[in-house]
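Source file: my_file31.cif (mmCIF, C-alpha atoms)
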data_input
#
loop_
_atom_site.label_atom_id
_atom_site.label_comp_id
_atom_site.auth_asym_id
_atom_site.auth_seq_id
_atom_site.Cartn_x
_atom_site.Cartn_y
_atom_site.Cartn_z
CA HIS U 1 70.80 34.50 -10.31
CA ALA U 2 71.26 38.07 -9.08
CA GLY U 3 72.00 36.72 -5.59
CA GLY U 4 75.41 35.72 -6.88
CA LEU U 5 76.30 39.42 -7.16
CA ALA U 6 75.17 40.21 -3.59
CA VAL U 7 77.81 41.24 -1.05
CA GLY U 8 79.74 38.06 -0.29
CA GLY U 9 77.96 36.18 -3.11
CA ALA U 10 79.58 33.78 -5.53
CA TYR U 11 80.48 36.49 -8.05
CA TRP U 12 81.10 39.45 -5.72
CA LYS U 13 84.91 39.30 -5.99
CA ASP U 14 84.77 38.50 -9.70
CA LEU U 15 82.63 41.59 -10.32
CA PHE U 16 85.29 43.90 -8.95
CA GLU U 17 88.15 42.02 -10.54
CA ILE U 18 86.41 42.86 -13.83
CA ALA U 19 86.22 46.47 -12.67
CA ARG U 20 89.97 46.57 -12.05
CA ARG U 21 90.68 45.13 -15.46
CA LEU U 22 88.49 47.82 -17.03
CA LYS U 23 90.65 50.60 -15.57
CA ALA U 24 92.69 51.07 -18.73
CA THR U 25 89.76 51.20 -21.15
CA ALA U 26 86.92 52.51 -18.95
CA PRO U 27 88.58 54.37 -16.07
CA GLU U 28 85.44 56.20 -14.89
CA LEU U 29 83.36 53.02 -14.74
CA SER U 30 86.19 51.26 -12.95
CA ALA U 31 86.46 54.07 -10.39
CA ARG U 32 82.71 54.07 -9.71
CA MET U 33 82.66 50.33 -9.16
CA GLN U 34 85.65 50.66 -6.85
CA TRP U 35 83.68 53.18 -4.79
CA ILE U 36 80.92 50.60 -4.37
CA GLU U 37 83.36 47.78 -3.53
CA THR U 38 85.16 49.79 -0.83
CA ASP U 39 82.03 51.44 0.61
CA GLY U 40 83.24 54.86 -0.48
CA LYS U 41 86.80 54.59 0.81
CA SER U 42 88.28 54.90 -2.69
CA GLY U 43 87.17 55.47 -6.25
CA HIS U 44 84.51 57.92 -7.42
CA LYS U 45 80.96 58.06 -6.08
CA PRO U 46 78.45 57.22 -8.83
CA ASP U 47 75.88 59.93 -9.50
CA LEU U 48 72.86 57.64 -9.24
CA LYS U 49 69.46 59.32 -9.30
CA SER U 50 65.87 58.34 -9.94
CA VAL U 51 65.36 57.17 -13.50
CA LEU U 52 63.05 55.30 -15.84
CA ILE U 53 64.69 52.32 -17.53
CA ARG U 54 63.17 50.89 -20.67
CA ASP U 55 61.95 47.29 -20.30
CA TYR U 56 62.92 47.36 -16.62
CA GLY U 57 60.79 49.91 -14.80
CA PRO U 58 61.09 52.98 -12.58
CA VAL U 59 63.99 53.17 -10.14
CA LEU U 60 63.49 55.73 -7.38
CA ARG U 61 66.48 56.81 -5.32
CA HIS U 62 66.90 59.22 -2.42
CA ASP U 63 70.26 60.40 -1.03
CA PHE U 64 72.33 57.75 -2.80
CA GLY U 65 75.42 56.92 -0.75
CA GLY U 66 74.29 59.25 2.04
CA PRO U 67 72.94 58.71 5.56
CA HIS U 68 69.30 58.82 4.40
CA GLU U 69 69.54 56.58 1.37
CA ALA U 70 66.39 54.86 0.10
CA TYR U 71 65.59 52.84 -3.01
CA ALA U 72 62.42 51.58 -4.67
CA HIS U 73 62.04 49.68 -7.93
CA LEU U 74 58.78 48.63 -9.55
CA MET U 75 59.27 45.76 -11.95
CA GLN U 76 58.10 46.28 -15.55
CA LEU U 77 60.38 43.87 -17.37
CA GLY U 78 59.56 43.58 -21.01
CA GLY U 79 60.91 42.99 -24.47
CA ARG U 80 60.93 40.17 -26.98
CA TYR U 81 63.08 37.86 -24.88
CA ASN U 82 61.23 38.16 -21.58
CA TYR U 83 60.41 34.46 -21.36
CA ARG U 84 60.31 33.92 -17.61
CA TRP U 85 59.32 37.16 -15.83
CA SER U 86 56.05 37.84 -17.60
CA MET U 87 53.89 37.36 -14.50
CA GLY U 88 55.57 39.54 -11.88
CA HIS U 89 54.96 43.00 -13.32
CA GLY U 90 54.24 45.43 -10.49
CA THR U 91 56.47 43.68 -7.94
CA VAL U 92 58.20 46.24 -5.70
CA TYR U 93 61.73 46.03 -4.31
CA TYR U 94 62.40 48.44 -1.45
CA GLY U 95 65.40 49.37 0.67
CA ALA U 96 65.98 52.09 3.27
CA ARG U 97 68.14 52.77 6.33
CA ASN U 98 70.76 50.20 5.34
CA ARG U 99 68.25 47.35 5.04
CA ASN U 100 66.46 45.48 2.30
CA TRP U 101 62.75 45.42 3.14
CA SER U 102 61.53 43.14 0.35
CA TYR U 103 62.73 39.89 -1.14
CA ASN U 104 61.65 36.88 -3.14
CA GLY U 105 63.06 33.41 -3.51
CA GLY U 106 65.14 32.40 -6.50
CA GLU U 107 62.21 31.37 -8.71
CA ALA U 108 59.18 32.85 -6.91
CA ASN U 109 59.28 35.66 -9.46
CA GLY U 110 60.54 33.45 -12.28
CA ASP U 111 60.01 29.90 -13.47
CA SER U 112 57.91 29.02 -10.39
CA PHE U 113 56.03 32.30 -10.16
CA ASN U 114 53.87 32.70 -7.07
CA ALA U 115 51.89 35.94 -6.61
CA SER U 116 51.55 35.09 -2.91
CA ALA U 117 55.33 35.05 -2.41
CA VAL U 118 56.40 38.38 -3.97
CA SER U 119 55.69 41.98 -2.97
CA MET U 120 52.91 42.74 -5.42
CA PHE U 121 49.17 43.27 -5.79
CA SER U 122 47.22 40.59 -7.62
CA VAL U 123 43.74 39.65 -8.74
CA ASP U 124 43.26 35.90 -9.06
CA GLY U 125 47.04 35.52 -9.25
CA GLN U 126 47.45 38.16 -11.98
CA GLY U 127 49.47 41.34 -11.56
CA LEU U 128 49.67 44.46 -13.75
CA GLY U 129 50.79 42.69 -16.88
CA TRP U 130 53.44 44.24 -19.09
CA HIS U 131 53.28 47.89 -20.07
CA ALA U 132 56.01 50.20 -21.29
CA THR U 133 57.66 52.39 -18.64
CA ASP U 134 56.32 55.50 -20.32
CA GLN U 135 54.57 57.55 -17.65
CA PRO U 136 56.09 60.75 -16.19
CA LEU U 137 58.53 60.30 -13.29
CA TYR U 138 58.07 62.98 -10.66
CA SER U 139 61.43 63.02 -8.92
CA PHE U 140 60.98 65.91 -6.50
CA GLY U 141 63.53 64.99 -3.84
CA PHE U 142 61.56 65.01 -0.59
CA ALA U 143 58.72 63.16 -2.37
CA GLN U 144 58.78 61.14 -5.59
CA PHE U 145 55.98 59.45 -7.51
CA TYR U 146 55.46 57.11 -10.44
CA ARG U 147 52.21 55.51 -11.61
CA ALA U 148 52.66 52.23 -13.48
CA VAL U 149 49.64 51.48 -15.63
CA ALA U 150 48.44 47.97 -16.39
CA ASP U 151 48.24 46.17 -19.69
CA PRO U 152 44.89 47.50 -21.02
CA LYS U 153 43.52 44.11 -22.09
CA LEU U 154 44.48 42.48 -18.81
CA ALA U 155 43.05 45.40 -16.80
CA GLU U 156 39.73 45.01 -18.59
CA LYS U 157 39.69 41.37 -17.52
CA THR U 158 40.96 41.68 -13.93
CA GLY U 159 39.83 45.19 -12.93
CA TYR U 160 43.39 46.03 -11.75
CA ARG U 161 44.33 49.28 -13.49
CA ALA U 162 47.50 50.79 -12.03
CA ARG U 163 50.04 50.77 -9.20
CA GLY U 164 51.45 54.07 -7.92
CA ILE U 165 54.53 54.27 -5.69
CA MET U 166 55.40 57.35 -3.65
CA LEU U 167 58.87 57.40 -2.07
CA LEU U 168 59.01 59.65 0.99
CA ARG U 169 62.72 60.03 1.68
CA ASP U 170 63.99 57.14 3.86
CA GLU U 171 60.85 57.30 5.98
CA GLY U 172 58.44 55.24 3.92
CA LEU U 173 56.98 54.03 0.66
CA LEU U 174 53.30 54.64 -0.03
CA ILE U 175 51.68 52.26 -2.52
CA PHE U 176 48.36 52.88 -4.25
CA ASP U 177 46.76 49.97 -6.12
CA ASP U 178 43.94 51.14 -8.36
CA ALA U 179 41.27 48.48 -8.76
CA ARG U 180 37.63 48.58 -9.84
CA VAL U 181 35.03 48.80 -7.11
CA ASN U 182 34.21 45.34 -5.73
CA THR U 183 37.25 43.78 -7.43
CA ALA U 184 38.72 41.30 -4.96
CA GLY U 185 42.49 41.71 -4.70
CA GLN U 186 45.45 40.65 -2.62
CA PHE U 187 48.32 42.87 -1.43
CA THR U 188 51.39 40.79 -0.59
CA TRP U 189 54.60 41.85 1.10
CA ASN U 190 57.50 39.44 1.43
CA ASN U 191 60.97 39.66 2.97
CA SER U 192 63.67 37.17 3.93
CA GLY U 193 64.25 38.87 7.30
CA ASP U 194 62.29 41.27 9.44
CA LEU U 195 59.23 42.73 7.80
CA PRO U 196 58.84 46.50 7.49
CA HIS U 197 56.14 48.33 9.40
CA ILE U 198 52.96 48.25 7.33
CA VAL U 199 49.86 50.38 7.77
CA GLN U 200 47.01 49.17 5.58
CA LEU U 201 44.95 52.33 5.07
CA LEU U 202 42.48 51.37 2.34
CA PRO U 203 40.34 49.30 2.48
CA GLY U 204 41.71 49.04 6.01
CA VAL U 205 42.02 45.27 6.34
CA ALA U 206 44.12 43.20 8.74
CA PRO U 207 46.69 40.59 7.65
CA ALA U 208 45.06 37.37 6.48
CA LYS U 209 45.34 34.24 8.61
CA ASP U 210 47.74 32.60 6.17
CA SER U 211 50.33 35.37 6.72
CA THR U 212 53.68 34.29 8.19
CA LYS U 213 56.62 35.97 9.90
CA ASN U 214 58.13 36.69 6.47
CA THR U 215 55.04 37.18 4.30
CA LEU U 216 51.95 39.30 4.84
CA HIS U 217 48.74 39.01 2.82
CA TYR U 218 45.99 41.63 2.86
CA ARG U 219 42.76 40.83 1.05
CA GLY U 220 39.88 43.15 0.23
CA LYS U 221 37.88 44.79 -2.53
CA GLY U 222 38.54 47.92 -4.59
CA ASP U 223 41.46 50.32 -4.23
CA PHE U 224 44.31 49.61 -1.80
CA LEU U 225 46.42 52.29 -0.09
CA THR U 226 49.31 50.94 1.97
CA LEU U 227 52.20 52.57 3.84
CA VAL U 228 55.41 50.52 4.06
CA SER U 229 58.09 51.95 6.33
CA PRO U 230 61.43 50.94 7.90
CA VAL U 231 60.24 52.49 11.18
CA ALA U 232 56.94 52.51 13.03
CA ARG U 233 54.80 55.40 11.79
CA LYS U 234 51.30 56.45 12.68
CA ALA U 235 49.00 57.01 9.72
CA ARG U 236 45.28 57.25 9.22
CA ARG U 237 42.96 57.18 6.27
CA THR U 238 41.07 60.35 5.32
CA SER U 239 38.52 61.36 2.71
CA PHE U 240 41.32 62.80 0.54
CA GLY U 241 43.90 60.05 1.11
CA ALA U 242 45.88 59.85 4.32
CA VAL U 243 47.61 61.74 7.11
CA ILE U 244 51.00 60.44 8.25
CA GLY U 245 51.85 61.49 11.79
CA ASN U 246 50.26 64.86 12.39
CA SER U 247 51.86 66.94 9.65
CA GLU U 248 52.17 64.95 6.40
CA PHE U 249 49.22 64.95 4.03
CA VAL U 250 48.78 62.56 1.12
CA PHE U 251 46.20 63.28 -1.56
CA ILE U 252 45.48 60.30 -3.77
CA GLY U 253 42.65 58.80 -5.80
CA ASP U 254 41.83 56.96 -8.99
CA LYS U 255 40.12 60.00 -10.53
CA PRO U 256 40.36 63.78 -10.07
CA PHE U 257 38.75 65.18 -6.92
CA GLU U 258 38.68 68.37 -4.88
CA HIS U 259 39.18 68.96 -1.18
CA ALA U 260 39.17 72.21 0.78
CA ASP U 261 39.15 73.19 4.44
CA LYS U 262 40.78 75.91 6.52
CA LYS U 263 44.15 74.16 6.50
CA LEU U 264 44.25 72.28 3.19
CA ALA U 265 43.18 72.61 -0.42
CA PHE U 266 43.73 70.23 -3.31
CA ALA U 267 42.43 69.64 -6.82
CA GLY U 268 43.72 66.68 -8.78
CA THR U 269 44.62 63.03 -8.38
CA VAL U 270 47.94 62.78 -6.51
CA GLY U 271 49.83 65.15 -4.21
CA TYR U 272 51.84 65.38 -0.99
CA ALA U 273 52.34 68.18 1.48
CA ARG U 274 54.11 68.86 4.74
CA PRO U 275 55.07 72.19 6.33
CA GLY U 276 57.28 74.11 3.91
CA GLU U 277 57.12 71.45 1.16
CA LEU U 278 54.48 70.85 -1.51
CA ALA U 279 54.45 68.26 -4.30
CA LEU U 280 51.66 68.49 -6.86
CA PHE U 281 52.22 65.33 -8.91
CA GLU U 282 48.93 65.04 -10.77
CA GLY U 283 46.63 68.00 -10.29
CA THR U 284 46.06 71.72 -10.68
CA GLU U 285 46.11 73.17 -7.16
CA MET U 286 47.44 72.56 -3.66
CA ARG U 287 47.64 74.56 -0.44
CA LEU U 288 48.88 73.88 3.08
CA GLY U 289 48.20 76.81 5.35
CA LYS U 290 49.08 79.96 3.42
CA PHE U 291 51.64 78.24 1.16
CA GLY U 292 50.17 77.24 -2.19
CA ILE U 293 51.04 76.13 -5.71
CA ALA U 294 48.88 75.87 -8.83
CA ARG U 295 49.36 75.10 -12.51
CA GLU U 296 47.49 75.68 -15.76
CA GLY U 297 47.84 74.14 -19.21
CA GLY U 298 50.23 71.45 -20.35
CA ASP U 299 50.76 68.15 -18.60
CA PHE U 300 53.27 68.40 -15.76
CA GLY U 301 53.81 68.25 -12.02
CA VAL U 302 55.45 70.85 -9.80
CA SER U 303 56.99 71.00 -6.33
CA ALA U 304 57.97 73.87 -4.06
CA THR U 305 60.13 74.10 -0.93
CA LEU U 306 60.29 77.23 1.22
CA GLN U 307 63.52 78.08 3.04
CA GLY U 308 63.63 81.58 4.50
CA ARG U 309 63.01 83.99 1.62
CA ARG U 310 63.85 81.45 -1.07
CA ILE U 311 61.60 78.96 -2.85
CA THR U 312 63.06 76.08 -4.83
CA GLY U 313 61.25 73.36 -6.72
CA HIS U 314 61.07 71.03 -9.69
CA ILE U 315 59.01 70.67 -12.85
CA ALA U 316 58.50 67.33 -14.60
CA GLY U 317 56.03 66.08 -17.18
CA ARG U 318 55.11 65.79 -20.84
CA SER U 319 54.57 69.48 -21.64
CA GLY U 320 54.86 72.81 -19.85
CA GLY U 321 52.48 75.57 -18.89
CA LEU U 322 51.82 78.22 -16.24
CA VAL U 323 52.96 77.89 -12.62
CA ARG U 324 51.54 80.03 -9.84
CA ILE U 325 53.08 80.08 -6.36
CA THR U 326 51.62 81.74 -3.28
CA PRO U 327 54.39 82.39 -0.72
CA PRO U 328 53.24 82.35 2.92
CA ILE U 329 55.35 85.42 3.70
CA VAL U 330 55.20 89.12 2.84
CA PHE U 331 57.62 90.07 0.06
CA GLU U 332 58.50 93.02 -2.16
CA PRO U 333 57.51 92.22 -5.79
CA LYS U 334 60.38 94.23 -7.26
CA ARG U 335 62.93 92.08 -5.42
CA VAL U 336 61.72 88.79 -6.90
CA LYS U 337 64.34 87.07 -9.09
CA ALA U 338 64.02 83.58 -10.54
CA THR U 339 65.89 80.97 -12.54
CA PHE U 340 64.75 77.80 -14.33
CA ALA U 341 67.17 75.06 -15.40
CA GLY U 342 70.02 77.43 -14.54
CA ARG U 343 68.78 80.32 -16.70
CA PRO U 344 67.02 83.58 -15.78
CA LEU U 345 63.25 83.13 -15.62
CA PRO U 346 60.81 86.00 -16.25
CA VAL U 347 58.13 86.18 -13.55
CA MET U 348 55.04 88.24 -12.89
CA VAL U 349 53.70 89.11 -9.44
CA LYS U 350 49.98 89.64 -9.06
CA ASP U 351 47.81 89.66 -5.93
CA GLY U 352 50.62 88.22 -3.80
CA LYS U 353 51.25 85.34 -6.22
CA ILE U 354 54.38 84.68 -8.28
CA GLN U 355 53.67 83.21 -11.69
CA PHE U 356 55.79 82.09 -14.60
CA THR U 357 55.66 79.90 -17.69
CA VAL U 358 57.88 76.88 -18.26
CA GLU U 359 58.62 74.58 -21.18
CA VAL U 360 59.32 70.94 -20.38
CA GLU U 361 59.42 67.58 -22.14
CA GLN U 362 59.26 64.14 -20.59
CA ALA U 363 62.84 63.42 -21.67
CA ASP U 364 64.02 66.37 -19.54
CA SER U 365 63.38 64.52 -16.28
CA ALA U 366 62.90 66.96 -13.36
CA LEU U 367 64.10 70.54 -14.01
CA GLU U 368 64.81 72.83 -11.06
CA PHE U 369 63.65 76.39 -10.49
CA ALA U 370 64.61 78.87 -7.78
CA ILE U 371 62.95 82.08 -6.61
CA ASN U 372 64.58 84.66 -4.37
CA MET U 373 62.30 87.21 -2.70
#
Representation of the structure as structure tokens:
Amino acid sequence: HAGGLAVGGAYWKDLFEIARRLKATAPELSARMQWIETDGKSGHKPDLKSVLIRDYGPVLRHDFGGPHEAYAHLMQLGGRYNYRWSMGHGTVYYGARNRNWSYNGGEANGDSFNASAVSMFSVDGQGLGWHATDQPLYSFGFAQFYRAVADPKLAEKTGYRARGIMLLRDEGLLIFDDARVNTAGQFTWNNSGDLPHIVQLLPGVAPAKDSTKNTLHYRGKGDFLTLVSPVARKARRTSFGAVIGNSEFVFIGDKPFEHADKKLAFAGTVGYARPGELALFEGTEMRLGKFGIAREGGDFGVSATLQGRRITGHIAGRSGGLVRITPPIVFEPKRVKATFAGRPLPVMVKDGKIQFTVEVEQADSALEFAINM
């Protein structure tokens, strides 16, 4: 079992003895493993970032090896030889602030599968079912998102359609479980030690009576929106999704919607905003205060971060299109210079908005742009 490779586990020393013996034939791999073994005191730091892994699932990382490291993995194991993990698709493994916040026993997600003992959403004991890890990964740094879709035939039977995970730095993991209206489901969170702080936002249910000090069960009907965090955080449900604290806004739904008021505007399915940072994962428009981003054409997401007179961001998706950014500051159009994926980017300024066209493919992962004003 994987526990044998845990720190101090049965194979921990053997793992790094193998690494030392690889030095002659695979020096870079050996050096990266040495960095892990010595907690960064020697060797080379691996450049681990968020990634989609075929027949394994999305792996989201933030600040690997740094003081604000966080990790989230949604299980989508597949392939011809997946004989024992066929039930646990959608299980989430989460770590942040030097702690593991989820866990399952040796066979709870294997030969003795138990949907009530792993961190997953289930309908009558059934999870997402297997589906290829083929959706866009929006790895935008301060906020990341991936939507895992269910096996179509199983979704038709259970009413459980997708699970979206949004990693917000080392401050929390937001989970959206998309279920048909009136579909009775169970959200389970399990850990071997202290449980994380959980705010159940939608449908807004309390832990069930059969919850324990290590396992929480939430039962209700329809969509579930749940915030899991290593620290206590205030959050409340809204008509457009949720507000975390007083300054973080989450837009999320199972179908496109629009919201607009004096402070906020959004059109789409999934987004995140806080002062100076916008992440439009699935949608066409977003605004917080006077800072806004919009996109047309293609199939992609876009983020933008404002620092002084510079805006940086990322593009990720299946195909490119037009991006339009509304800076919240006065600027001189002739001074605007931009780059995309390290190359000069032609831009046009019209009515106080900076717009440009990008080309992107899903295999590109997240490509960075920068605008100086």
Subject >> Within 8 Å of file point (58.7, 45.2, 2.6), counting only C-alpha atoms, expressed as a count of residues only >> reply: 15
Original post:
In terms of the shortest atom-to-atom distance over all atoms listed in the file, which of U:Gly57, U:Gly292, U:Pro203, U:Gly66 is closest to Gly78 in chain U?
Top reply: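 Closest to Gly78 in chain U, using all atoms listed in the file: U:Gly57.
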**OP:** Would you list the residues near (45.2, 70.4, -3.4), meaning any protein, DNA or RNA residue with an atom at most 8 Å from that point in file coordinates, counting only C-alpha atoms, as an MDAnalysis selection string?
**Re:** chainID U and resid 251 258:260 264:268 271 280 283:287
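Closest approach to Thr226 in chain U among U:Ala19, U:Val250, U:Leu174, U:Ala184: U:Leu174, based on all atoms listed in the file.
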Original post:
Do you know which residues the PyMOL selection byres ((chain U and resi 231) around 10) returns on this file, as number ranges by chain?
Top reply: U: 96-97, 170-172, 196-198, 228-230, 232-234
Those selected residues, please, written with C-alpha atoms and delivered as a compact mmCIF listing (two decimals), in the coordinates of the input.
# COMPACT_ATOMS: atom_id res chain seq x y z
CA ALA U 96 65.98 52.09 3.27
CA ARG U 97 68.14 52.77 6.33
CA ASP U 170 63.99 57.14 3.86
CA GLU U 171 60.85 57.30 5.98
CA GLY U 172 58.44 55.24 3.92
CA PRO U 196 58.84 46.50 7.49
CA HIS U 197 56.14 48.33 9.40
CA ILE U 198 52.96 48.25 7.33
CA VAL U 228 55.41 50.52 4.06
CA SER U 229 58.09 51.95 6.33
CA PRO U 230 61.43 50.94 7.90
CA ALA U 232 56.94 52.51 13.03
CA ARG U 233 54.80 55.40 11.79
CA LYS U 234 51.30 56.45 12.68
Original post:
Nearest to Lys263 in chain U: which of U:Thr158, U:Asn372, U:Ser247, U:Ser192 is it, counting only C-alpha atoms?
Top reply: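 Closest candidate: U:Ser247.
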Would you mind listing, for every residue of range 207-295 of chain U within 10 Å of range 348-365 of chain U, the two atoms forming the shortest contact and the distance between them in Å to one decimal, using only C-alpha atoms, sorted by chain and ascending residue number, as a Markdown table?
| residue | atom | partner | partner_atom | distance |
| --- | --- | --- | --- | --- |
| U:Gly292 | CA | U:Lys353 | CA | 9.1 |
| U:Ile293 | CA | U:Lys353 | CA | 9.2 |
| U:Ala294 | CA | U:Gln355 | CA | 9.2 |
| U:Arg295 | CA | U:Gln355 | CA | 9.2 |
Got time to write the residues from that selection, C-alpha atoms, as a compact mmCIF listing (two decimals), in the frame of the given file?
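File out_12.txt, as written:
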# COMPACT_ATOMS: atom_id res chain seq x y z
CA GLY U 292 50.17 77.24 -2.19
CA ILE U 293 51.04 76.13 -5.71
CA ALA U 294 48.88 75.87 -8.83
CA ARG U 295 49.36 75.10 -12.51
Subject >> Computed interatomic separation between CA of Gly193 in chain U and CA of His68 in chain U (Å) >> reply: 20.8 Å
**OP:** Go through U:Asp223, U:Asp254, U:Asp63, U:Asp14 and flag the residue nearest Pro46 in chain U, using only C-alpha atoms for the distances.
**Re:**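 The answer is U:Asp63, which sits nearest to Pro46 in chain U.
What the PyMOL selection byres ((chain U and resi 248) around 6) matches in the given file is Val243, Ile244, Ser247, Phe249, Ala273 and Arg274 of chain U.
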Answer key for the PyMOL selection byres ((chain U and resi 145) around 8), residues as a PDB file with C-alpha atoms, in the coordinates of the input:
ATOM      1  CA  LEU U 137      58.530  60.300 -13.290  1.00  0.00           C
ATOM      2  CA  TYR U 138      58.070  62.980 -10.660  1.00  0.00           C
ATOM      3  CA  SER U 139      61.430  63.020  -8.920  1.00  0.00           C
ATOM      4  CA  ALA U 143      58.720  63.160  -2.370  1.00  0.00           C
ATOM      5  CA  GLN U 144      58.780  61.140  -5.590  1.00  0.00           C
ATOM      6  CA  TYR U 146      55.460  57.110 -10.440  1.00  0.00           C
ATOM      7  CA  ARG U 147      52.210  55.510 -11.610  1.00  0.00           C
ATOM      8  CA  GLY U 164      51.450  54.070  -7.920  1.00  0.00           C
ATOM      9  CA  ILE U 165      54.530  54.270  -5.690  1.00  0.00           C
ATOM     10  CA  MET U 166      55.400  57.350  -3.650  1.00  0.00           C
ATOM     11  CA  LEU U 167      58.870  57.400  -2.070  1.00  0.00           C
ATOM     12  CA  PHE U 281      52.220  65.330  -8.910  1.00  0.00           C
TER      13      PHE U 281
END
**OP:** Measuring atom to atom with all atoms listed in the file, identify which of U:Ser122, U:Thr91, U:Asn98, U:Gln34 is nearest to Gly110 in chain U.
**Re:** U:Thr91
Reconstruct N, CA, C and O atoms of range 4-17 of chain U from the incomplete input and present them as a PDB file, keeping the file's coordinate frame.
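In the end it all went to rebuild-v6.pdb:
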ATOM      1  N   GLY U   4      73.978  35.964  -6.760  1.00  0.00           N
ATOM      2  CA  GLY U   4      75.410  35.720  -6.880  1.00  0.00           C
ATOM      3  C   GLY U   4      76.228  36.984  -6.869  1.00  0.00           C
ATOM      4  O   GLY U   4      77.435  36.955  -6.592  1.00  0.00           O
ATOM      5  N   LEU U   5      75.592  38.136  -7.170  1.00  0.00           N
ATOM      6  CA  LEU U   5      76.300  39.420  -7.160  1.00  0.00           C
ATOM      7  C   LEU U   5      76.085  40.177  -5.858  1.00  0.00           C
ATOM      8  O   LEU U   5      76.555  41.296  -5.693  1.00  0.00           O
ATOM      9  N   ALA U   6      75.373  39.573  -4.900  1.00  0.00           N
ATOM     10  CA  ALA U   6      75.170  40.210  -3.590  1.00  0.00           C
ATOM     11  C   ALA U   6      76.500  40.261  -2.845  1.00  0.00           C
ATOM     12  O   ALA U   6      77.455  39.525  -3.160  1.00  0.00           O
ATOM     13  N   VAL U   7      76.591  41.131  -1.852  1.00  0.00           N
ATOM     14  CA  VAL U   7      77.810  41.240  -1.050  1.00  0.00           C
ATOM     15  C   VAL U   7      78.138  39.872  -0.465  1.00  0.00           C
ATOM     16  O   VAL U   7      77.316  39.246   0.203  1.00  0.00           O
ATOM     17  N   GLY U   8      79.334  39.365  -0.772  1.00  0.00           N
ATOM     18  CA  GLY U   8      79.740  38.060  -0.290  1.00  0.00           C
ATOM     19  C   GLY U   8      79.252  36.917  -1.158  1.00  0.00           C
ATOM     20  O   GLY U   8      79.529  35.747  -0.858  1.00  0.00           O
ATOM     21  N   GLY U   9      78.491  37.212  -2.227  1.00  0.00           N
ATOM     22  CA  GLY U   9      77.960  36.180  -3.110  1.00  0.00           C
ATOM     23  C   GLY U   9      79.036  35.558  -3.980  1.00  0.00           C
ATOM     24  O   GLY U   9      80.210  35.977  -3.976  1.00  0.00           O
ATOM     25  N   ALA U  10      78.626  34.562  -4.757  1.00  0.00           N
ATOM     26  CA  ALA U  10      79.580  33.780  -5.530  1.00  0.00           C
ATOM     27  C   ALA U  10      80.391  34.623  -6.509  1.00  0.00           C
ATOM     28  O   ALA U  10      81.552  34.302  -6.796  1.00  0.00           O
ATOM     29  N   TYR U  11      79.799  35.690  -7.033  1.00  0.00           N
ATOM     30  CA  TYR U  11      80.480  36.490  -8.050  1.00  0.00           C
ATOM     31  C   TYR U  11      80.892  37.879  -7.563  1.00  0.00           C
ATOM     32  O   TYR U  11      81.287  38.725  -8.364  1.00  0.00           O
ATOM     33  N   TRP U  12      80.780  38.120  -6.256  1.00  0.00           N
ATOM     34  CA  TRP U  12      81.100  39.450  -5.720  1.00  0.00           C
ATOM     35  C   TRP U  12      82.538  39.842  -6.044  1.00  0.00           C
ATOM     36  O   TRP U  12      82.804  40.911  -6.604  1.00  0.00           O
ATOM     37  N   LYS U  13      83.509  38.974  -5.735  1.00  0.00           N
ATOM     38  CA  LYS U  13      84.910  39.300  -5.990  1.00  0.00           C
ATOM     39  C   LYS U  13      85.190  39.365  -7.486  1.00  0.00           C
ATOM     40  O   LYS U  13      85.969  40.203  -7.938  1.00  0.00           O
ATOM     41  N   ASP U  14      84.550  38.489  -8.251  1.00  0.00           N
ATOM     42  CA  ASP U  14      84.770  38.500  -9.700  1.00  0.00           C
ATOM     43  C   ASP U  14      84.294  39.810 -10.321  1.00  0.00           C
ATOM     44  O   ASP U  14      84.918  40.333 -11.246  1.00  0.00           O
ATOM     45  N   LEU U  15      83.180  40.345  -9.796  1.00  0.00           N
ATOM     46  CA  LEU U  15      82.630  41.590 -10.320  1.00  0.00           C
ATOM     47  C   LEU U  15      83.655  42.713 -10.237  1.00  0.00           C
ATOM     48  O   LEU U  15      83.868  43.468 -11.195  1.00  0.00           O
ATOM     49  N   PHE U  16      84.337  42.804  -9.123  1.00  0.00           N
ATOM     50  CA  PHE U  16      85.290  43.900  -8.950  1.00  0.00           C
ATOM     51  C   PHE U  16      86.652  43.606  -9.551  1.00  0.00           C
ATOM     52  O   PHE U  16      87.411  44.524  -9.842  1.00  0.00           O
ATOM     53  N   GLU U  17      86.952  42.342  -9.764  1.00  0.00           N
ATOM     54  CA  GLU U  17      88.150  42.020 -10.540  1.00  0.00           C
ATOM     55  C   GLU U  17      87.955  42.499 -11.976  1.00  0.00           C
ATOM     56  O   GLU U  17      88.873  43.046 -12.594  1.00  0.00           O
TER      57      GLU U  17
END
